[in-house]
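Notes follow once the structure below has been shown.
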Amino acid sequence: MKSIAKLVYQTYITYLPTAFPAYYYGMPNGKIYLVFSRFYKAAIGKSGLEFVFAEHNDYSFDYEKETILACNDNSGTTPVFAECIDNPHSKFNIVSISRKLRSYSEAQHFVNRRAKKMKKAV
């Protein structure tokens, strides 16, 4: 399956509340999705791993030009380095949390299916 969601940045050391890697994807609707995993408490003395899918509020993505743009930039044309999207004061909205996924590969397929729906709507 061809990837529709475009990986724009990945980091193994992040400001997000996790000790695991974070992946940022550019979506056809101009949004940037971030994916990371974290532990959750399943029961007393037991934990599990959940995947968090969120939409970045500080940056957008020009899908055709494959460029990251700052949302607070009035011109809307100044590209931003990918490293800027992972910062200590990032604002994002959690779109979905899944405890059924077992790997980042499965998470990528989840994001790609969502991107495919977005591309049809655009």
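Residue names in the structure tokens use chain letters A, B, ... in the order shown, residue numbers from 1 in each chain, and ligand numbers from 1 in the order shown.
Within chain A, DSSP applied to the backbone places the following residues in alpha helix (DSSP H): Tyr104, Ser105, Glu106, Ala107, Gln108, His109, Phe110, Val111, Asn112, Arg113, Arg114, Ala115, Lys116, Lys117, Met118, Lys119, Lys120 and Ala121 of chain A.
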Resulting file, chosen residues, N, CA, C and O atoms, as an mmCIF file, in the first residue's frame:
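The resulting file, selection35.cif, is shown below:
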data_model
loop_
_atom_site.group_PDB
_atom_site.id
_atom_site.type_symbol
_atom_site.label_atom_id
_atom_site.label_comp_id
_atom_site.auth_asym_id
_atom_site.auth_seq_id
_atom_site.Cartn_x
_atom_site.Cartn_y
_atom_site.Cartn_z
ATOM 1 N N TYR A 104 4.705 0.483 16.036
ATOM 2 C CA TYR A 104 4.654 1.738 15.288
ATOM 3 C C TYR A 104 4.276 1.479 13.833
ATOM 4 O O TYR A 104 3.708 2.343 13.169
ATOM 5 N N SER A 105 4.569 0.312 13.325
ATOM 6 C CA SER A 105 4.179 -0.042 11.967
ATOM 7 C C SER A 105 2.652 -0.082 11.852
ATOM 8 O O SER A 105 2.074 0.436 10.897
ATOM 9 N N GLU A 106 1.993 -0.679 12.827
ATOM 10 C CA GLU A 106 0.533 -0.700 12.850
ATOM 11 C C GLU A 106 -0.024 0.715 13.020
ATOM 12 O O GLU A 106 -1.035 1.058 12.421
ATOM 13 N N ALA A 107 0.650 1.527 13.808
ATOM 14 C CA ALA A 107 0.229 2.918 13.998
ATOM 15 C C ALA A 107 0.348 3.695 12.691
ATOM 16 O O ALA A 107 -0.512 4.518 12.371
ATOM 17 N N GLN A 108 1.396 3.418 11.926
ATOM 18 C CA GLN A 108 1.568 4.090 10.643
ATOM 19 C C GLN A 108 0.444 3.708 9.682
ATOM 20 O O GLN A 108 -0.066 4.554 8.948
ATOM 21 N N HIS A 109 0.038 2.451 9.687
ATOM 22 C CA HIS A 109 -1.083 2.025 8.848
ATOM 23 C C HIS A 109 -2.373 2.728 9.268
ATOM 24 O O HIS A 109 -3.188 3.101 8.421
ATOM 25 N N PHE A 110 -2.555 2.921 10.564
ATOM 26 C CA PHE A 110 -3.722 3.635 11.087
ATOM 27 C C PHE A 110 -3.741 5.070 10.546
ATOM 28 O O PHE A 110 -4.768 5.553 10.063
ATOM 29 N N VAL A 111 -2.602 5.763 10.613
ATOM 30 C CA VAL A 111 -2.493 7.139 10.123
ATOM 31 C C VAL A 111 -2.715 7.174 8.613
ATOM 32 O O VAL A 111 -3.396 8.065 8.094
ATOM 33 N N ASN A 112 -2.181 6.197 7.905
ATOM 34 C CA ASN A 112 -2.324 6.162 6.452
ATOM 35 C C ASN A 112 -3.784 5.950 6.035
ATOM 36 O O ASN A 112 -4.242 6.551 5.063
ATOM 37 N N ARG A 113 -4.506 5.104 6.759
ATOM 38 C CA ARG A 113 -5.938 4.911 6.459
ATOM 39 C C ARG A 113 -6.709 6.214 6.681
ATOM 40 O O ARG A 113 -7.580 6.573 5.897
ATOM 41 N N ARG A 114 -6.360 6.928 7.725
ATOM 42 C CA ARG A 114 -6.999 8.221 8.017
ATOM 43 C C ARG A 114 -6.674 9.235 6.908
ATOM 44 O O ARG A 114 -7.526 9.998 6.486
ATOM 45 N N ALA A 115 -5.435 9.225 6.443
ATOM 46 C CA ALA A 115 -5.013 10.142 5.368
ATOM 47 C C ALA A 115 -5.746 9.817 4.070
ATOM 48 O O ALA A 115 -6.115 10.710 3.311
ATOM 49 N N LYS A 116 -5.953 8.537 3.813
ATOM 50 C CA LYS A 116 -6.665 8.118 2.603
ATOM 51 C C LYS A 116 -8.098 8.667 2.617
ATOM 52 O O LYS A 116 -8.592 9.162 1.607
ATOM 53 N N LYS A 117 -8.748 8.617 3.767
ATOM 54 C CA LYS A 117 -10.099 9.187 3.889
ATOM 55 C C LYS A 117 -10.081 10.691 3.668
ATOM 56 O O LYS A 117 -10.973 11.249 3.037
ATOM 57 N N MET A 118 -9.059 11.360 4.194
ATOM 58 C CA MET A 118 -8.929 12.820 4.030
ATOM 59 C C MET A 118 -8.733 13.185 2.560
ATOM 60 O O MET A 118 -9.286 14.161 2.083
ATOM 61 N N LYS A 119 -7.919 12.386 1.871
ATOM 62 C CA LYS A 119 -7.615 12.685 0.460
ATOM 63 C C LYS A 119 -8.871 12.549 -0.382
ATOM 64 O O LYS A 119 -9.071 13.319 -1.311
ATOM 65 N N LYS A 120 -9.712 11.587 -0.082
ATOM 66 C CA LYS A 120 -10.974 11.429 -0.809
ATOM 67 C C LYS A 120 -11.905 12.616 -0.564
ATOM 68 O O LYS A 120 -12.628 13.031 -1.446
ATOM 69 N N ALA A 121 -11.856 13.149 0.666
ATOM 70 C CA ALA A 121 -12.728 14.277 1.024
ATOM 71 C C ALA A 121 -12.248 15.591 0.417
ATOM 72 O O ALA A 121 -13.029 16.526 0.259
#
message: Neighbouring residues of segment 47-55 of chain A were defined as those with any atom within 10 Å, considering only C-alpha atoms; residues of the same chain fewer than 3 positions away were excluded. Please report them as a PyMOL selection string.
response: chain A and resi 22-25+27+31-44+58-60+91-104+106-107+110-111
- request: Write out as a VMD selection string all residues of segment 11-100 of chain A that DSSP puts in strand (DSSP E) for this structure's backbone.
  value: chain A and resid 11 22 to 26 32 to 43 46 to 56 59 to 62 67 to 70 92 to 98
query: Given the choices A:Cys71, A:Glu64, A:Ala5, A:Gln10, which gets closest to Glu83 of chain A if the distance is worked out from only C-alpha atoms?
result: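 With only C-alpha atoms as the atom set, the closest residue is A:Gln10.
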- request: Record the distance separating atom CA of Thr14 of chain A and atom CA of Lys46 of chain A, expressed in Å with one decimal.
  value: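 If I compute the distance from atom CA of Thr14 of chain A to atom CA of Lys46 of chain A, I get 25.2 Å.
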field: Interatomic distance (Å, one decimal) between atom CA of Pro17 of chain A and atom CA of Pro88 of chain A
entry: 10.1 Å
